[in-house]
Amino acid sequence: MNKKLPLILFLTILLTAGLTGSIQAELGQAHTKEMQHFTYTYYQEDEPINEINERLKKNYNKILSKYNVKLNKKVKIVIYPDVDSFHKGANITNKSPGIVGSAVSSYLIKIVSPLHPGPVHNYESILKIAVHEFVHISTNQINHRIPIWLNEGISLYEAKQINPKQIKKLIKADRVPTITQLERNFYENFGYTISGTIVQYIVDAYDYEKLISFIKSPTDYEKVFGLERNEFFTNWKGYLYKKYQ
């Protein structure tokens with residue numbers, strides 16, 4: 001055994017605790033509010049907790065029922081006052097102002113306040129992001145090791161974040177990515193624009209039972225859909241052009 005490992009682990013814990021304490025000091029007093037399914041921690045007294053909770057409550061049983069999963073404890077949601085404090089609190093290395101939410105662990109979500117969403121988002125889109133991250137929490141109960149395009153695609157679809165205008169622009173510019181491009185670089189190949197439509201295609205052309213089977217076996221196209229991988233994505237692209245062109 002490497003005798004240095006316990007020391008390294010101890011120093012890592014100290015550093016993490018120090019950073020957490022520093023962030024807490026910057027944010028000020030934390031407030032907590034218990035709801036039926038969620039526990040909220042927030043730093044602004046006027047945070048719209050009831051509205052955030054109402055949006056999540058409307059989707060809670062619906063999402064769990066669709067994916068046939070159960071949660072055995074409350075989900076904790078930490079709401080940061082602004083984008084910068086969220087990036088620090090959630091340890092986000094990519095400081096893009098568009099990144100405003102994260103499903104940090106099995107029962108923990110961190111998001112930016114809808115009151116101060118930053119230059120990319122708005123009040124409504126933050127509410128959708130809360131749902132988006134909850135969908136991650138739910139589907140990760142089935143399989144947390146699925147391709148990013150499927151993981152994000154499911155959340156985009158369920159949170160109603162598919163933007164037809166953006167999709168039409170990609171089609172018109174002939175820039176719809178291939179699955180290989182999405183797998184190589186999801187972010188730079190319009191993954192957040194397009195991946196939700198792959199899930200939409202699965203639900204429309206098949207059903208949720210097939211989608212759940214695919215989450216469980218995300219590389220077995222033949223078993224789930226009776227198609228080879230390339231055939232599946234050719235069919236999806238045909239669906240995409242027919243629906244959005």
# chains A, B, ... in the order shown; residues from 1 in each chain; ligands from 1
call {"tool": "residues_around", "arguments": {"residues": "Ile215 of chain A", "least_positions_apart": "6", "cutoff": "10 Å", "atoms": "only C-alpha atoms", "output": "ChimeraX atom specification"}}
result
/A:67,139-140,142-147,150-151,154,209,224
call {"tool": "closest_atom_pairs", "arguments": {"of": "segment 116-195 of chain A", "to": "segment 47-53 of chain A", "cutoff": "12 Å", "atoms": "only C-alpha atoms", "output": "Markdown table"}}
result
| residue | atom | partner | partner_atom | distance |
| --- | --- | --- | --- | --- |
| A:His116 | CA | A:Glu47 | CA | 10.1 |
| A:Tyr123 | CA | A:Pro48 | CA | 10.3 |
| A:Glu124 | CA | A:Ile52 | CA | 10.0 |
| A:Ser125 | CA | A:Ile52 | CA | 11.4 |
| A:Ile126 | CA | A:Ile52 | CA | 9.0 |
| A:Leu127 | CA | A:Ile52 | CA | 6.2 |
| A:Lys128 | CA | A:Ile52 | CA | 9.3 |
| A:Ile129 | CA | A:Ile52 | CA | 10.2 |
| A:Ala130 | CA | A:Ile52 | CA | 7.5 |
| A:Val131 | CA | A:Ile52 | CA | 9.1 |
| A:Phe134 | CA | A:Asn53 | CA | 11.5 |
call {"tool": "write_last_selection", "arguments": {"atoms": "N, CA and C atoms", "output": "tab-separated table (two decimals), in the first residue's frame"}}
result
chain	number	residue	atom	x	y	z
A	116	HIS	N	-31.58	35.59	-11.07
A	116	HIS	CA	-30.34	36.12	-11.67
A	116	HIS	C	-29.73	35.05	-12.60
A	123	TYR	N	-35.70	33.56	-16.62
A	123	TYR	CA	-36.44	32.97	-15.49
A	123	TYR	C	-37.05	31.63	-15.86
A	124	GLU	N	-37.77	31.60	-16.98
A	124	GLU	CA	-38.46	30.38	-17.40
A	124	GLU	C	-37.48	29.26	-17.74
A	125	SER	N	-36.38	29.59	-18.40
A	125	SER	CA	-35.45	28.53	-18.80
A	125	SER	C	-34.77	27.90	-17.58
A	126	ILE	N	-34.60	28.66	-16.50
A	126	ILE	CA	-34.04	28.08	-15.28
A	126	ILE	C	-35.02	27.09	-14.66
A	127	LEU	N	-36.31	27.39	-14.71
A	127	LEU	CA	-37.32	26.45	-14.20
A	127	LEU	C	-37.27	25.15	-15.00
A	128	LYS	N	-37.07	25.27	-16.30
A	128	LYS	CA	-36.96	24.07	-17.14
A	128	LYS	C	-35.68	23.29	-16.80
A	129	ILE	N	-34.62	24.02	-16.49
A	129	ILE	CA	-33.36	23.37	-16.14
A	129	ILE	C	-33.49	22.60	-14.83
A	130	ALA	N	-34.28	23.11	-13.90
A	130	ALA	CA	-34.54	22.36	-12.66
A	130	ALA	C	-35.17	21.01	-12.99
A	131	VAL	N	-36.12	21.01	-13.91
A	131	VAL	CA	-36.75	19.76	-14.35
A	131	VAL	C	-35.74	18.89	-15.08
A	134	PHE	N	-33.59	17.14	-12.68
A	134	PHE	CA	-34.34	16.09	-11.98
A	134	PHE	C	-34.49	14.85	-12.85
call {"tool": "residues_around", "arguments": {"residues": "Lys160 of chain A", "least_positions_apart": "2", "cutoff": "9 Å", "atoms": "only C-alpha atoms", "output": "list in words"}}
result
Lys128, His132, Ser155, Leu156, Tyr157, Glu158, Ile162, Asn163 and Gly196 of chain A
call {"tool": "write_last_selection", "arguments": {"atoms": "N, CA and C atoms", "output": "PDB file, in the first residue's frame"}}
result
ATOM      1  N   LYS A 128     -37.074  25.267 -16.303  1.00  0.00           N
ATOM      2  CA  LYS A 128     -36.956  24.066 -17.135  1.00  0.00           C
ATOM      3  C   LYS A 128     -35.679  23.294 -16.805  1.00  0.00           C
ATOM      4  N   HIS A 132     -34.946  19.503 -15.953  1.00  0.00           N
ATOM      5  CA  HIS A 132     -33.905  18.809 -16.719  1.00  0.00           C
ATOM      6  C   HIS A 132     -32.982  18.023 -15.777  1.00  0.00           C
ATOM      7  N   SER A 155     -33.245  14.327 -20.963  1.00  0.00           N
ATOM      8  CA  SER A 155     -33.581  15.479 -20.119  1.00  0.00           C
ATOM      9  C   SER A 155     -34.101  16.652 -20.941  1.00  0.00           C
ATOM     10  N   LEU A 156     -33.501  16.881 -22.103  1.00  0.00           N
ATOM     11  CA  LEU A 156     -33.977  17.955 -22.985  1.00  0.00           C
ATOM     12  C   LEU A 156     -35.407  17.691 -23.447  1.00  0.00           C
ATOM     13  N   TYR A 157     -35.675  16.454 -23.795  1.00  0.00           N
ATOM     14  CA  TYR A 157     -37.012  16.084 -24.266  1.00  0.00           C
ATOM     15  C   TYR A 157     -38.051  16.242 -23.156  1.00  0.00           C
ATOM     16  N   GLU A 158     -37.762  15.698 -21.985  1.00  0.00           N
ATOM     17  CA  GLU A 158     -38.744  15.715 -20.893  1.00  0.00           C
ATOM     18  C   GLU A 158     -38.942  17.115 -20.315  1.00  0.00           C
ATOM     19  N   ILE A 162     -36.591  21.321 -26.411  1.00  0.00           N
ATOM     20  CA  ILE A 162     -36.327  21.222 -27.848  1.00  0.00           C
ATOM     21  C   ILE A 162     -36.770  22.519 -28.510  1.00  0.00           C
ATOM     22  N   ASN A 163     -35.884  23.102 -29.303  1.00  0.00           N
ATOM     23  CA  ASN A 163     -36.161  24.389 -29.963  1.00  0.00           C
ATOM     24  C   ASN A 163     -36.278  24.183 -31.478  1.00  0.00           C
ATOM     25  N   GLY A 196     -32.208  15.926 -28.135  1.00  0.00           N
ATOM     26  CA  GLY A 196     -33.570  15.696 -27.665  1.00  0.00           C
ATOM     27  C   GLY A 196     -34.465  15.093 -28.733  1.00  0.00           C
TER      28      GLY A 196
END
call {"tool": "closest_residue", "arguments": {"among": "A:Gly118, A:Lys62, A:Val100, A:Thr93", "to": "Val78 of chain A", "atoms": "only C-alpha atoms"}}
result
A:Val100
call {"tool": "residues_around", "arguments": {"residues": "Thr180 of chain A", "least_positions_apart": "6", "cutoff": "12 Å", "atoms": "only C-alpha atoms", "output": "ChimeraX atom specification"}}
result
/A:147,149,186,189,191,229-230,233
call {"tool": "write_last_selection", "arguments": {"atoms": "N, CA and C atoms", "output": "CSV table (one decimal), in the first residue's frame"}}
result
chain,number,residue,atom,x,y,z
A,147,PRO,N,-24.5,7.0,-23.0
A,147,PRO,CA,-23.8,8.1,-23.8
A,147,PRO,C,-24.4,9.5,-23.5
A,149,TRP,N,-25.2,11.9,-25.4
A,149,TRP,CA,-26.3,12.4,-26.2
A,149,TRP,C,-27.6,11.8,-25.8
A,186,PHE,N,-19.8,16.2,-28.2
A,186,PHE,CA,-21.2,16.5,-28.0
A,186,PHE,C,-21.5,18.1,-28.0
A,189,ASN,N,-20.8,20.0,-31.5
A,189,ASN,CA,-21.6,19.5,-32.6
A,189,ASN,C,-23.1,19.6,-32.4
A,191,GLY,N,-25.0,19.3,-29.8
A,191,GLY,CA,-25.6,18.3,-29.0
A,191,GLY,C,-26.9,18.7,-28.2
A,229,ARG,N,-27.0,-0.1,-36.0
A,229,ARG,CA,-26.8,1.2,-35.5
A,229,ARG,C,-27.0,2.3,-36.6
A,230,ASN,N,-26.4,2.1,-37.7
A,230,ASN,CA,-26.5,3.1,-38.8
A,230,ASN,C,-27.9,3.2,-39.4
A,233,PHE,N,-30.0,5.4,-37.0
A,233,PHE,CA,-29.7,6.8,-37.1
A,233,PHE,C,-30.1,7.4,-38.5
call {"tool": "closest_residue", "arguments": {"among": "A:Ile198, A:Asp220, A:Ser113, A:Asp82", "to": "Asn235 of chain A", "atoms": "only C-alpha atoms"}}
result
A:Ile198
call {"tool": "select_by_dssp", "arguments": {"residues": "segment 123-215 of chain A", "states": "alpha helix (DSSP H)", "output": "PyMOL selection string"}}
result
chain A and resi 123-139+148-158+164-172+179-184+191-205+208-215
call {"tool": "residues_around", "arguments": {"residues": "Gly101 of chain A", "least_positions_apart": "5", "cutoff": "8 Å", "atoms": "only C-alpha atoms", "output": "ChimeraX atom specification"}}
result
/A:109-112,129-130,133
call {"tool": "residues_around", "arguments": {"residues": "Glu34 of chain A", "least_positions_apart": "4", "cutoff": "10 Å", "atoms": "only C-alpha atoms", "output": "list in words"}}
result
Phe38, Thr39, Tyr40, Thr41, Lys74 and Lys76 of chain A
call {"tool": "write_last_selection", "arguments": {"atoms": "C-alpha atoms", "output": "PDB file, in the first residue's frame"}}
result
ATOM      1  CA  PHE A  38     -37.385  18.082  -2.219  1.00  0.00           C
ATOM      2  CA  THR A  39     -35.238  19.909   0.317  1.00  0.00           C
ATOM      3  CA  TYR A  40     -34.131  23.381  -0.775  1.00  0.00           C
ATOM      4  CA  THR A  41     -31.050  25.254   0.368  1.00  0.00           C
ATOM      5  CA  LYS A  74     -35.788  13.479  -0.914  1.00  0.00           C
ATOM      6  CA  LYS A  76     -31.659  18.099  -2.236  1.00  0.00           C
TER       7      LYS A  76
END
call {"tool": "atom_distance", "arguments": {"atom1": "atom CA of Gly98 of chain A", "atom2": "atom CA of His136 of chain A"}}
result
17.9 Å
